[in-house]
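To be precise, the following lines are final.csv, and they hold CSV, C-alpha atoms (C1' of nucleotides).
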chain,number,residue,atom,x,y,z
A,238,MET,CA,30.2,29.6,0.3
A,239,PRO,CA,29.3,26.9,-2.2
A,240,TYR,CA,30.0,24.0,0.2
A,241,THR,CA,29.9,24.6,3.9
A,242,ALA,CA,32.2,22.4,5.8
A,243,ALA,CA,30.7,19.9,8.2
A,244,ILE,CA,30.0,21.3,11.6
A,245,ASP,CA,30.7,19.5,14.9
A,246,LEU,CA,28.7,16.3,15.2
A,247,ALA,CA,29.3,16.3,18.9
A,248,GLY,CA,30.3,12.7,19.0
A,249,LEU,CA,27.3,11.4,17.2
A,250,ASP,CA,29.7,9.8,14.7
A,251,GLN,CA,31.0,7.5,17.4
A,252,ARG,CA,27.5,6.1,18.2
A,253,VAL,CA,26.6,2.9,16.4
A,254,GLY,CA,22.9,3.9,16.0
A,255,TYR,CA,23.6,7.2,14.3
A,256,MET,CA,26.2,5.8,11.9
A,257,LEU,CA,24.0,2.8,11.1
A,258,ARG,CA,21.2,5.1,10.1
A,259,GLN,CA,23.4,7.3,7.9
A,260,ALA,CA,25.0,4.3,6.2
A,261,GLN,CA,21.6,2.7,5.7
A,262,LEU,CA,20.3,5.9,4.0
A,263,ALA,CA,23.4,6.1,1.8
A,264,VAL,CA,23.2,2.5,0.8
A,265,PHE,CA,19.5,2.6,0.0
A,266,ASP,CA,20.0,5.8,-2.1
A,267,ASP,CA,22.7,4.0,-4.0
A,268,PHE,CA,20.4,0.9,-4.4
A,269,ILE,CA,17.6,3.1,-5.8
A,270,ALA,CA,20.0,5.0,-8.1
A,271,SER,CA,21.3,1.7,-9.5
A,272,GLN,CA,17.8,0.4,-10.4
A,273,ARG,CA,17.2,1.3,-14.0
A,274,GLY,CA,13.9,-0.6,-14.3
A,275,ALA,CA,10.6,-0.2,-12.6
A,276,VAL,CA,11.5,-1.9,-9.3
A,277,THR,CA,12.7,1.1,-7.3
A,278,ARG,CA,12.1,0.6,-3.7
A,279,PRO,CA,14.1,-1.8,-1.5
A,280,GLY,CA,10.9,-3.1,0.2
A,281,GLN,CA,9.4,-4.1,-3.1
A,282,PHE,CA,12.6,-5.8,-4.1
A,283,ALA,CA,12.7,-7.8,-0.8
A,284,ILE,CA,9.1,-9.0,-1.3
A,285,LEU,CA,9.8,-10.1,-4.8
A,286,MET,CA,12.9,-12.0,-3.7
A,287,VAL,CA,11.0,-13.9,-0.9
A,288,ILE,CA,8.1,-14.8,-3.2
A,289,ALA,CA,10.5,-15.9,-5.9
A,290,GLY,CA,12.5,-18.0,-3.4
A,291,SER,CA,9.4,-19.8,-2.1
A,292,PRO,CA,6.5,-19.7,-4.6
A,293,GLY,CA,3.1,-20.3,-3.0
A,294,LEU,CA,3.8,-18.5,0.2
A,295,SER,CA,0.9,-16.9,2.0
A,296,GLN,CA,0.9,-13.2,2.8
A,297,THR,CA,1.3,-14.0,6.5
A,298,GLN,CA,4.3,-16.1,5.7
A,299,VAL,CA,5.9,-13.3,3.7
A,300,CYS,CA,5.2,-10.9,6.6
A,301,LYS,CA,6.9,-13.2,9.1
A,302,THR,CA,9.9,-13.7,6.9
A,303,LEU,CA,10.4,-9.9,6.4
A,304,GLY,CA,9.2,-8.7,9.7
A,305,ILE,CA,6.4,-6.6,8.4
A,306,LYS,CA,2.8,-6.3,9.5
A,307,ARG,CA,0.0,-8.1,7.6
A,308,ALA,CA,-1.9,-4.9,7.2
A,309,ASN,CA,1.0,-3.2,5.5
A,310,LEU,CA,1.6,-6.0,3.0
A,311,VAL,CA,-1.8,-5.7,1.4
A,312,ALA,CA,-1.2,-2.4,-0.5
A,313,ALA,CA,2.3,-3.7,-1.5
A,314,ILE,CA,0.9,-6.8,-3.1
A,315,ASP,CA,-1.9,-4.7,-4.6
A,316,ASP,CA,0.8,-2.7,-6.3
A,317,LEU,CA,2.7,-5.7,-7.5
A,318,GLU,CA,-0.5,-7.2,-8.8
A,319,SER,CA,-1.5,-4.2,-10.8
A,320,LEU,CA,2.1,-4.1,-12.2
A,321,GLY,CA,1.3,-7.7,-13.4
A,322,TRP,CA,4.2,-9.1,-11.5
A,323,VAL,CA,2.5,-11.1,-8.7
A,324,ARG,CA,-0.6,-13.2,-8.6
A,325,ARG,CA,-2.8,-14.1,-5.6
A,326,ASP,CA,-3.9,-17.6,-6.2
A,327,ALA,CA,-6.6,-19.2,-4.0
A,328,SER,CA,-5.2,-21.8,-1.7
A,329,ALA,CA,-6.8,-25.2,-2.1
A,330,SER,CA,-6.2,-26.2,1.5
A,331,ASP,CA,-7.2,-22.9,3.2
A,332,ARG,CA,-9.8,-20.7,1.8
A,333,ARG,CA,-8.7,-17.7,3.9
A,334,SER,CA,-5.2,-17.5,2.5
A,335,ASN,CA,-3.6,-16.6,-0.9
A,336,ARG,CA,-0.7,-18.4,-2.5
A,337,LEU,CA,1.6,-15.7,-3.9
A,338,GLN,CA,3.3,-16.4,-7.2
A,339,LEU,CA,5.5,-14.3,-9.6
A,340,THR,CA,4.1,-14.0,-13.1
A,341,THR,CA,6.6,-14.4,-16.0
A,342,ALA,CA,6.7,-10.6,-16.2
A,343,GLY,CA,7.4,-10.5,-12.5
A,344,GLN,CA,10.3,-13.0,-13.0
A,345,ARG,CA,11.7,-10.9,-15.8
A,346,ALA,CA,11.4,-7.7,-13.7
A,347,LEU,CA,13.1,-9.4,-10.7
A,348,LYS,CA,15.9,-10.6,-13.0
A,349,ASN,CA,16.6,-7.1,-14.2
A,350,ALA,CA,16.4,-5.8,-10.6
A,351,LEU,CA,18.9,-8.4,-9.5
A,352,ASP,CA,21.3,-7.5,-12.3
A,353,ASP,CA,21.2,-3.9,-11.2
A,354,GLN,CA,21.5,-4.9,-7.6
A,355,SER,CA,24.7,-6.8,-8.4
A,356,VAL,CA,26.3,-3.6,-9.7
A,357,HIS,CA,25.3,-1.9,-6.5
A,358,GLU,CA,26.6,-4.7,-4.3
A,359,ALA,CA,29.8,-4.7,-6.3
A,360,ARG,CA,30.3,-1.0,-5.7
A,361,ILE,CA,30.0,-1.7,-1.9
A,362,THR,CA,32.5,-4.6,-2.1
A,363,ARG,CA,34.9,-2.3,-4.0
A,364,LEU,CA,34.5,0.3,-1.3
A,365,LEU,CA,34.9,-2.0,1.7
A,366,GLY,CA,37.0,-4.9,0.4
A,367,ALA,CA,35.5,-8.4,0.2
A,368,ALA,CA,36.7,-9.5,3.6
A,369,SER,CA,35.5,-6.4,5.4
A,370,ARG,CA,32.1,-6.7,3.7
A,371,ARG,CA,31.8,-10.3,5.0
A,372,ALA,CA,32.8,-9.1,8.5
A,373,LEU,CA,30.2,-6.3,8.3
A,374,LEU,CA,27.4,-8.8,7.4
A,375,LYS,CA,28.3,-10.8,10.5
A,376,GLN,CA,28.3,-7.8,12.8
A,377,LEU,CA,25.0,-6.6,11.4
A,378,ALA,CA,23.5,-10.1,12.0
A,379,LYS,CA,24.7,-9.9,15.6
A,380,LEU,CA,23.1,-6.5,16.1
A,381,CYS,CA,19.8,-8.0,14.9
A,382,GLU,CA,19.9,-10.2,18.0
A,383,LEU,CA,19.0,-7.1,20.0
A,384,ARG,CA,15.4,-7.6,18.7
A,385,LYS,CA,13.2,-9.1,21.4
A,386,THR,CA,10.6,-11.6,20.3
A,387,ARG,CA,9.5,-10.2,17.0
A,388,SER,CA,5.7,-9.5,17.1
A,389,SER,CA,4.0,-9.7,13.7
A,390,VAL,CA,0.4,-8.9,14.6
B,61,MET,CA,2.5,-23.3,16.1
B,62,PRO,CA,3.4,-20.7,18.7
B,63,TYR,CA,6.6,-19.6,16.9
B,64,THR,CA,6.9,-20.3,13.2
B,65,ALA,CA,10.5,-20.8,12.2
B,66,ALA,CA,12.0,-18.3,9.8
B,67,ILE,CA,11.3,-19.0,6.2
B,68,ASP,CA,13.8,-18.7,3.3
B,69,LEU,CA,15.1,-15.2,2.9
B,70,ALA,CA,16.3,-16.1,-0.6
B,71,GLY,CA,19.7,-14.6,0.0
B,72,LEU,CA,18.5,-11.2,1.3
B,73,ASP,CA,20.6,-11.8,4.4
B,74,GLN,CA,23.7,-11.7,2.2
B,75,ARG,CA,22.9,-8.2,0.9
B,76,VAL,CA,24.4,-5.3,2.7
B,77,GLY,CA,21.4,-3.0,2.2
B,78,TYR,CA,18.9,-5.5,3.7
B,79,MET,CA,21.0,-6.4,6.7
B,80,LEU,CA,21.9,-2.7,7.3
B,81,ARG,CA,18.2,-1.9,7.5
B,82,GLN,CA,17.4,-4.8,9.9
B,83,ALA,CA,20.3,-3.9,12.1
B,84,GLN,CA,19.3,-0.2,12.2
B,85,LEU,CA,15.8,-1.1,13.2
B,86,ALA,CA,17.0,-3.4,15.9
B,87,VAL,CA,19.4,-0.8,17.3
B,88,PHE,CA,16.9,2.0,17.2
B,89,ASP,CA,14.4,-0.1,19.0
B,90,ASP,CA,17.0,-0.9,21.7
B,91,PHE,CA,17.9,2.8,21.9
B,92,ILE,CA,14.2,3.8,22.4
B,93,ALA,CA,13.7,1.0,25.0
B,94,SER,CA,16.7,2.2,26.9
B,95,GLN,CA,15.4,5.8,27.1
B,96,ARG,CA,13.6,6.1,30.4
B,97,GLY,CA,13.1,9.9,30.3
B,98,ALA,CA,11.1,12.1,27.9
B,99,VAL,CA,13.7,12.0,25.0
B,100,THR,CA,12.5,9.0,23.1
B,101,ARG,CA,13.3,9.3,19.4
B,102,PRO,CA,16.8,9.1,17.9
B,103,GLY,CA,16.2,12.1,15.7
B,104,GLN,CA,15.4,14.3,18.7
B,105,PHE,CA,18.4,13.1,20.5
B,106,ALA,CA,20.7,13.9,17.6
B,107,ILE,CA,19.3,17.5,17.4
B,108,LEU,CA,19.9,18.0,21.1
B,109,MET,CA,23.4,16.7,20.8
B,110,VAL,CA,24.3,19.0,17.9
B,111,ILE,CA,22.9,22.1,19.6
B,112,ALA,CA,24.6,21.3,22.9
B,113,GLY,CA,27.9,20.8,21.1
B,114,SER,CA,27.7,24.1,19.2
B,115,PRO,CA,25.4,26.6,21.0
B,116,GLY,CA,24.2,29.4,18.8
B,117,LEU,CA,23.9,27.4,15.7
B,118,SER,CA,21.2,28.4,13.2
B,119,GLN,CA,18.5,26.0,12.0
B,120,THR,CA,20.2,25.8,8.6
B,121,GLN,CA,23.5,24.8,10.2
B,122,VAL,CA,21.8,22.1,12.2
B,123,CYS,CA,20.2,20.8,9.0
B,124,LYS,CA,23.5,20.7,7.2
B,125,THR,CA,25.2,18.9,10.1
B,126,LEU,CA,22.5,16.2,10.3
B,127,GLY,CA,21.6,16.0,6.6
B,128,ILE,CA,18.0,16.9,7.1
B,129,LYS,CA,15.8,19.4,5.3
B,130,ARG,CA,15.1,22.9,6.7
B,131,ALA,CA,11.4,22.4,6.3
B,132,ASN,CA,11.5,19.3,8.5
B,133,LEU,CA,13.5,20.9,11.3
B,134,VAL,CA,10.8,23.5,12.0
B,135,ALA,CA,8.3,21.2,13.7
B,136,ALA,CA,11.2,19.3,15.5
B,137,ILE,CA,12.4,22.6,17.1
B,138,ASP,CA,8.8,23.6,17.8
B,139,ASP,CA,8.4,20.4,19.8
B,140,LEU,CA,11.7,20.9,21.7
B,141,GLU,CA,10.7,24.5,22.4
B,142,SER,CA,7.3,23.5,23.8
B,143,LEU,CA,9.1,21.0,26.0
B,144,GLY,CA,11.1,24.0,27.3
B,145,TRP,CA,14.4,22.4,26.2
B,146,VAL,CA,15.4,24.7,23.3
B,147,ARG,CA,15.2,28.4,22.8
B,148,ARG,CA,15.2,30.3,19.4
B,149,ASP,CA,17.2,33.4,20.1
B,150,ALA,CA,17.2,36.2,17.6
B,151,SER,CA,20.6,36.6,15.9
B,152,ALA,CA,22.1,40.0,16.3
B,153,SER,CA,24.0,39.8,13.0
B,154,ASP,CA,21.3,38.2,10.8
B,155,ARG,CA,17.7,39.0,11.4
B,156,ARG,CA,16.6,36.1,9.3
B,157,SER,CA,18.2,33.4,11.4
B,158,ASN,CA,17.7,32.0,14.9
B,159,ARG,CA,20.5,31.1,17.3
B,160,LEU,CA,19.5,27.8,18.9
B,161,GLN,CA,20.3,27.2,22.6
B,162,LEU,CA,19.5,24.5,25.1
B,163,THR,CA,17.7,25.7,28.2
B,164,THR,CA,18.9,24.4,31.6
B,165,ALA,CA,16.0,22.0,31.5
B,166,GLY,CA,17.2,20.9,28.1
B,167,GLN,CA,20.7,20.3,29.3
B,168,ARG,CA,19.3,18.2,32.2
B,169,ALA,CA,17.1,16.2,29.8
B,170,LEU,CA,20.1,15.6,27.4
B,171,LYS,CA,22.2,14.5,30.3
B,172,ASN,CA,19.7,11.9,31.3
B,173,ALA,CA,19.3,10.8,27.7
B,174,LEU,CA,23.1,10.5,27.4
B,175,ASP,CA,23.2,8.3,30.5
B,176,ASP,CA,20.6,6.0,29.1
B,177,GLN,CA,22.3,6.0,25.8
B,178,SER,CA,25.5,4.9,27.5
B,179,VAL,CA,23.8,1.7,28.7
B,180,HIS,CA,22.5,1.1,25.2
B,181,GLU,CA,25.9,1.6,23.7
B,182,ALA,CA,27.5,-0.6,26.3
B,183,ARG,CA,25.0,-3.4,25.4
B,184,ILE,CA,26.2,-3.1,21.8
B,185,THR,CA,29.8,-3.2,22.8
B,186,ARG,CA,29.2,-6.3,24.9
B,187,LEU,CA,27.4,-7.9,21.9
B,188,LEU,CA,30.1,-7.2,19.3
B,189,GLY,CA,33.3,-6.8,21.3
B,190,ALA,CA,35.1,-3.4,21.5
B,191,ALA,CA,37.4,-4.0,18.6
B,192,SER,CA,34.6,-5.2,16.3
B,193,ARG,CA,32.5,-2.2,17.3
B,194,ARG,CA,35.3,0.1,16.3
B,195,ALA,CA,35.8,-1.7,13.0
B,196,LEU,CA,32.0,-1.5,12.4
B,197,LEU,CA,32.0,2.3,12.9
B,198,LYS,CA,34.8,2.6,10.3
B,199,GLN,CA,33.0,0.5,7.8
B,200,LEU,CA,29.8,2.5,8.2
B,201,ALA,CA,31.7,5.7,7.7
B,202,LYS,CA,33.0,4.3,4.5
B,203,LEU,CA,29.5,3.4,3.3
B,204,CYS,CA,28.4,6.9,3.9
B,205,GLU,CA,30.8,8.0,1.1
B,206,LEU,CA,28.3,6.5,-1.3
B,207,ARG,CA,26.3,9.7,-0.8
B,208,LYS,CA,26.7,12.0,-3.8
B,209,THR,CA,26.8,15.7,-3.1
B,210,ARG,CA,24.4,16.1,-0.2
B,211,SER,CA,21.6,18.5,-1.1
B,212,SER,CA,20.0,20.2,1.8
B,213,VAL,CA,17.4,22.4,0.1
C,65,DG,C1',-19.9,-28.6,18.0
C,66,DC,C1',-18.2,-24.5,19.6
C,67,DA,C1',-14.9,-21.2,21.5
C,68,DA,C1',-10.5,-19.6,20.1
C,69,DA,C1',-7.2,-18.5,16.7
C,70,DA,C1',-5.6,-17.4,12.0
C,71,DT,C1',-6.1,-14.8,7.5
C,72,DG,C1',-6.7,-11.0,4.6
C,73,DT,C1',-8.6,-6.6,4.7
C,74,DT,C1',-10.0,-1.7,5.8
C,75,DA,C1',-9.4,2.4,8.4
C,76,DT,C1',-6.5,5.2,10.9
C,77,DA,C1',-2.6,7.5,12.9
C,78,DC,C1',2.1,8.9,13.3
C,79,DA,C1',7.1,9.6,12.1
C,80,DT,C1',10.3,10.4,8.4
C,81,DC,C1',11.5,12.4,4.4
C,82,DA,C1',10.9,15.2,0.1
C,83,DT,C1',9.4,19.3,-2.9
C,84,DA,C1',7.4,23.8,-3.9
C,85,DA,C1',6.3,28.3,-2.8
C,86,DC,C1',6.4,32.4,0.1
C,87,DA,C1',8.0,36.8,3.0
C,88,DT,C1',11.8,38.7,4.9
C,89,DT,C1',16.5,39.7,5.0
C,90,DT,C1',21.2,39.6,3.4
C,91,DT,C1',24.9,39.3,-0.1
C,92,DG,C1',27.3,40.2,-4.4
C,93,DC,C1',28.1,42.9,-8.1
C,94,DC,C1',28.0,46.9,-11.2
D,31,DG,C1',23.8,53.2,-3.7
D,32,DG,C1',20.9,50.1,-6.0
D,33,DC,C1',19.2,45.8,-7.5
D,34,DA,C1',19.2,41.0,-8.8
D,35,DA,C1',20.3,36.8,-6.6
D,36,DA,C1',20.8,34.0,-2.7
D,37,DA,C1',19.9,32.6,2.1
D,38,DT,C1',16.6,31.8,6.1
D,39,DG,C1',12.7,30.2,8.4
D,40,DT,C1',8.2,28.9,7.4
D,41,DT,C1',3.8,26.7,5.6
D,42,DA,C1',1.5,23.4,2.8
D,43,DT,C1',1.5,19.1,0.8
D,44,DG,C1',2.5,14.4,-0.6
D,45,DA,C1',4.9,9.8,-0.5
D,46,DT,C1',6.6,6.2,2.3
D,47,DG,C1',7.1,3.2,6.3
D,48,DT,C1',5.3,1.5,10.3
D,49,DA,C1',1.9,0.7,14.1
D,50,DT,C1',-2.8,-0.6,16.1
D,51,DA,C1',-7.7,-1.7,16.1
D,52,DA,C1',-11.6,-3.8,14.2
D,53,DC,C1',-14.0,-6.8,11.0
D,54,DA,C1',-15.8,-11.0,8.1
D,55,DT,C1',-14.5,-15.4,6.8
D,56,DT,C1',-12.4,-19.6,7.7
D,57,DT,C1',-9.8,-23.0,10.2
D,58,DT,C1',-8.1,-25.2,14.5
D,59,DG,C1',-8.3,-27.3,19.1
D,60,DC,C1',-10.6,-29.5,22.6
In structure tokens, what does this structure look like?
Amino acid sequence: MPYTAAIDLAGLDQRVGYMLRQAQLAVFDDFIASQRGAVTRPGQFAILMVIAGSPGLSQTQVCKTLGIKRANLVAAIDDLESLGWVRRDASASDRRSNRLQLTTAGQRALKNALDDQSVHEARITRLLGAASRRALLKQLAKLCELRKTRSSV
Amino acid sequence: MPYTAAIDLAGLDQRVGYMLRQAQLAVFDDFIASQRGAVTRPGQFAILMVIAGSPGLSQTQVCKTLGIKRANLVAAIDDLESLGWVRRDASASDRRSNRLQLTTAGQRALKNALDDQSVHEARITRLLGAASRRALLKQLAKLCELRKTRSSV
DNA sequence: GCAAAATGTTATACATCATAACATTTTGCC
DNA sequence: GGCAAAATGTTATGATGTATAACATTTTGC
């Protein structure tokens, strides 16, 4: 038996949580496969996007934007710094915090990643249809409202 | 500043992958919060559902159904066994494989988990509307088609 | 001026997910 | 029938994502 047919999911495929998780894994896999450069992981991509969109952000601000913990951003920025894509500049007004900037190499890397991401996003649009994709984004935004007050300790 | 307003997401909230991930995290959190009994994690819930729906399944069959690796199911079944919810019965026809069964305690635990899950699912339906929820499930199923040939080594 | 809060950091723990290797058993084929 | 190939459950291991606690330094609030 080269390909065993799917067994009974016992109604799991009618639960939003289960299907959300499966779709998320599929989409992330497709994202990663579409990345031909050095930016591979969605998390790294998101961090670069936020820094590029608001140069000079502190690490805490990036954490609040993306909903991640301060402690977990440290290693991520370390990686991006050792890739030569991000700089931690000292803030003039607050000696505790860093101002994050993309280097020119970082801008180039993000541009490539964005180009690859466009192909990925276009594949999704082709699969769903443009109108359905827009509706999906709205529904996902609504589901995010389930989040209580976001704690970013 | 007790609550810092959201900073610029730089268009991330228009990418399906990012919004899928955020929605999945929100929904999983809500699922976990709605579970009042001992079944807490979505993964455990999914395993119980599949075994309950097809008693006698082997571990490999559960893995193929849920798209998880054989190696990773071992500890999960170990846990469910030590909770007294699942039994590994020896298969009469294949001495390599186990036939998985819910114990009566496992059936009771799953029933409670399902009751709590219904409240969670109803909250989602109230948030989206019944028709939108149905449309969402269809779109998520389509996104799952992005998966190449699933490898379950 | 001083207690309280914020910032980046380290250490740590846990859950999820992946691969490789192994002993045992079954299957497929000649 | 016999034997290579495949399947099954398992162990070990590593990468990733996420969570908390604690700390030194610095800033804020009163």
Next on the checklist: Should the cut-off be 10 Å, what would the residue list for chain A against chain C look like, counting all atoms listed in the file, as a ChimeraX atom specification?
Outcome noted: /A:295-297,307-308,310-312,331-335
**Asked** Any idea which chain D residues end up within 9 Å of chain A if we count only C-alpha atoms (C1' of nucleotides), as a PyMOL selection string please?
**Response** chain D and resi 47-49+55-57
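Going from CA of Leu203 in chain B to CA of Ala112 in chain B covers 27.0 Å.
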Least-squares fit on all C-alpha atoms, paired in order: put chain B onto chain A and return it as a compact mmCIF listing (two decimals) with C-alpha atoms, keeping the file's coordinate frame.
# COMPACT_ATOMS: atom_id res chain seq x y z
CA MET B 61 30.13 29.77 0.62
CA PRO B 62 29.23 27.18 -1.98
CA TYR B 63 29.91 24.20 0.33
CA THR B 64 29.84 24.78 4.06
CA ALA B 65 32.17 22.42 5.86
CA ALA B 66 30.62 19.94 8.24
CA ILE B 67 29.97 21.28 11.66
CA ASP B 68 30.61 19.46 14.98
CA LEU B 69 28.61 16.30 15.28
CA ALA B 70 29.27 16.29 19.03
CA GLY B 71 30.28 12.67 19.02
CA LEU B 72 27.22 11.32 17.14
CA ASP B 73 29.61 9.77 14.64
CA GLN B 74 30.92 7.54 17.43
CA ARG B 75 27.46 6.09 18.15
CA VAL B 76 26.51 2.92 16.42
CA GLY B 77 22.83 3.84 16.02
CA TYR B 78 23.58 7.19 14.29
CA MET B 79 26.18 5.83 11.92
CA LEU B 80 24.00 2.75 11.14
CA ARG B 81 21.21 5.08 10.07
CA GLN B 82 23.48 7.28 7.88
CA ALA B 83 25.00 4.25 6.26
CA GLN B 84 21.57 2.69 5.56
CA LEU B 85 20.38 5.85 3.94
CA ALA B 86 23.45 6.10 1.82
CA VAL B 87 23.19 2.47 0.69
CA PHE B 88 19.51 2.65 -0.04
CA ASP B 89 20.02 5.72 -2.10
CA ASP B 90 22.78 3.94 -4.08
CA PHE B 91 20.51 0.90 -4.47
CA ILE B 92 17.63 3.08 -5.85
CA ALA B 93 20.04 4.96 -8.19
CA SER B 94 21.33 1.70 -9.52
CA GLN B 95 17.82 0.42 -10.37
CA ARG B 96 17.22 1.28 -13.99
CA GLY B 97 13.97 -0.71 -14.40
CA ALA B 98 10.55 -0.31 -12.73
CA VAL B 99 11.57 -1.96 -9.35
CA THR B 100 12.75 1.05 -7.44
CA ARG B 101 12.20 0.62 -3.71
CA PRO B 102 14.13 -1.81 -1.49
CA GLY B 103 10.99 -3.01 0.21
CA GLN B 104 9.46 -4.08 -3.11
CA PHE B 105 12.57 -5.82 -4.09
CA ALA B 106 12.71 -7.80 -0.87
CA ILE B 107 9.05 -8.96 -1.35
CA LEU B 108 9.82 -10.11 -4.87
CA MET B 109 12.86 -11.97 -3.69
CA VAL B 110 11.00 -13.81 -0.93
CA ILE B 111 8.14 -14.85 -3.20
CA ALA B 112 10.49 -15.99 -5.96
CA GLY B 113 12.46 -18.04 -3.46
CA SER B 114 9.39 -19.77 -2.00
CA PRO B 115 6.47 -19.75 -4.50
CA GLY B 116 3.12 -20.36 -2.92
CA LEU B 117 3.81 -18.56 0.24
CA SER B 118 0.89 -16.85 1.99
CA GLN B 119 0.86 -13.14 2.83
CA THR B 120 1.30 -13.98 6.51
CA GLN B 121 4.39 -16.06 5.77
CA VAL B 122 5.89 -13.25 3.75
CA CYS B 123 5.24 -10.88 6.65
CA LYS B 124 6.91 -13.18 9.11
CA THR B 125 9.94 -13.65 6.85
CA LEU B 126 10.44 -9.89 6.36
CA GLY B 127 9.26 -8.70 9.79
CA ILE B 128 6.52 -6.54 8.44
CA LYS B 129 2.88 -6.23 9.45
CA ARG B 130 0.07 -8.03 7.58
CA ALA B 131 -1.85 -4.83 7.23
CA ASN B 132 1.07 -3.18 5.44
CA LEU B 133 1.64 -6.01 2.98
CA VAL B 134 -1.83 -5.63 1.45
CA ALA B 135 -1.20 -2.43 -0.49
CA ALA B 136 2.40 -3.65 -1.42
CA ILE B 137 0.92 -6.82 -3.07
CA ASP B 138 -1.86 -4.74 -4.62
CA ASP B 139 0.79 -2.62 -6.31
CA LEU B 140 2.80 -5.67 -7.51
CA GLU B 141 -0.43 -7.24 -8.78
CA SER B 142 -1.39 -4.13 -10.76
CA LEU B 143 2.09 -4.17 -12.25
CA GLY B 144 1.25 -7.73 -13.40
CA TRP B 145 4.23 -9.15 -11.46
CA VAL B 146 2.43 -11.08 -8.67
CA ARG B 147 -0.65 -13.20 -8.62
CA ARG B 148 -2.84 -14.05 -5.52
CA ASP B 149 -3.88 -17.61 -6.10
CA ALA B 150 -6.58 -19.12 -3.96
CA SER B 151 -5.21 -21.82 -1.63
CA ALA B 152 -6.85 -25.15 -2.06
CA SER B 153 -6.26 -26.16 1.58
CA ASP B 154 -7.12 -22.85 3.31
CA ARG B 155 -9.77 -20.63 1.87
CA ARG B 156 -8.65 -17.75 3.98
CA SER B 157 -5.15 -17.50 2.57
CA ASN B 158 -3.62 -16.59 -0.79
CA ARG B 159 -0.73 -18.43 -2.43
CA LEU B 160 1.56 -15.74 -3.85
CA GLN B 161 3.30 -16.36 -7.21
CA LEU B 162 5.43 -14.30 -9.52
CA THR B 163 4.10 -13.98 -13.05
CA THR B 164 6.55 -14.43 -15.96
CA ALA B 165 6.64 -10.67 -16.22
CA GLY B 166 7.47 -10.56 -12.55
CA GLN B 167 10.30 -13.01 -12.91
CA ARG B 168 11.70 -10.90 -15.80
CA ALA B 169 11.40 -7.70 -13.73
CA LEU B 170 13.15 -9.40 -10.69
CA LYS B 171 15.88 -10.62 -12.95
CA ASN B 172 16.60 -7.16 -14.18
CA ALA B 173 16.43 -5.79 -10.65
CA LEU B 174 18.88 -8.51 -9.52
CA ASP B 175 21.30 -7.51 -12.27
CA ASP B 176 21.21 -3.92 -11.23
CA GLN B 177 21.52 -4.90 -7.66
CA SER B 178 24.65 -6.85 -8.51
CA VAL B 179 26.36 -3.65 -9.70
CA HIS B 180 25.29 -1.91 -6.52
CA GLU B 181 26.62 -4.70 -4.39
CA ALA B 182 29.83 -4.81 -6.34
CA ARG B 183 30.30 -1.03 -5.70
CA ILE B 184 30.01 -1.78 -1.98
CA THR B 185 32.46 -4.60 -2.18
CA ARG B 186 34.94 -2.40 -4.02
CA LEU B 187 34.45 0.30 -1.32
CA LEU B 188 34.97 -1.96 1.71
CA GLY B 189 37.01 -4.88 0.41
CA ALA B 190 35.52 -8.42 0.24
CA ALA B 191 36.73 -9.53 3.61
CA SER B 192 35.48 -6.38 5.37
CA ARG B 193 32.13 -6.75 3.64
CA ARG B 194 31.82 -10.25 4.96
CA ALA B 195 32.80 -9.17 8.47
CA LEU B 196 30.23 -6.31 8.22
CA LEU B 197 27.41 -8.75 7.33
CA LYS B 198 28.30 -10.83 10.42
CA GLN B 199 28.30 -7.87 12.69
CA LEU B 200 24.93 -6.70 11.40
CA ALA B 201 23.49 -10.13 11.96
CA LYS B 202 24.66 -9.92 15.49
CA LEU B 203 23.00 -6.54 16.01
CA CYS B 204 19.77 -7.95 14.82
CA GLU B 205 19.76 -10.21 17.94
CA LEU B 206 18.90 -7.10 19.89
CA ARG B 207 15.34 -7.61 18.64
CA LYS B 208 13.16 -9.07 21.40
CA THR B 209 10.52 -11.54 20.35
CA ARG B 210 9.40 -10.23 16.98
CA SER B 211 5.68 -9.49 17.00
CA SER B 212 4.03 -9.62 13.67
CA VAL B 213 0.41 -8.83 14.53
Could I get the residues of chain A with an atom no further than 7 Å from an atom of chain B, each paired with its nearest atom pair and that distance in Å to one decimal, using only C-alpha atoms, sorted by chain and residue number, as a Markdown table?
| residue | atom | partner | partner_atom | distance |
| --- | --- | --- | --- | --- |
| A:Ala243 | CA | B:Thr125 | CA | 5.9 |
| A:Ile244 | CA | B:Thr125 | CA | 5.6 |
| A:Asp245 | CA | B:Gly113 | CA | 6.9 |
| A:Leu246 | CA | B:Val110 | CA | 5.8 |
| A:Ala247 | CA | B:Gly113 | CA | 5.2 |
| A:Gln251 | CA | B:Leu197 | CA | 6.9 |
| A:Val253 | CA | B:Leu197 | CA | 6.5 |
| A:Gly254 | CA | B:Val87 | CA | 6.0 |
| A:Met256 | CA | B:Leu200 | CA | 6.1 |
| A:Leu257 | CA | B:Gln84 | CA | 5.7 |
| A:Arg258 | CA | B:Gln84 | CA | 6.0 |
| A:Gln259 | CA | B:Cys204 | CA | 6.4 |
| A:Ala260 | CA | B:Cys204 | CA | 4.9 |
| A:Gln261 | CA | B:Leu80 | CA | 5.6 |
| A:Ala263 | CA | B:Arg207 | CA | 5.3 |
| A:Val264 | CA | B:Gly77 | CA | 6.0 |
| A:Phe265 | CA | B:Gly77 | CA | 6.3 |
| A:Asp267 | CA | B:Leu206 | CA | 6.7 |
| A:Met286 | CA | B:Ala70 | CA | 6.2 |
| A:Val287 | CA | B:Leu69 | CA | 5.7 |
| A:Gly290 | CA | B:Ala70 | CA | 5.1 |
| A:Thr302 | CA | B:Ile67 | CA | 5.5 |
| A:Leu365 | CA | B:Gln199 | CA | 6.9 |
| A:Leu373 | CA | B:Leu196 | CA | 6.6 |
| A:Leu374 | CA | B:Val76 | CA | 6.6 |
| A:Gln376 | CA | B:Leu188 | CA | 6.8 |
| A:Leu377 | CA | B:Ala83 | CA | 5.5 |
| A:Ala378 | CA | B:Met79 | CA | 6.9 |
| A:Leu380 | CA | B:Ala83 | CA | 5.5 |
| A:Cys381 | CA | B:Ala83 | CA | 5.0 |
| A:Leu383 | CA | B:Ala86 | CA | 5.9 |
| A:Arg384 | CA | B:Ala86 | CA | 5.3 |
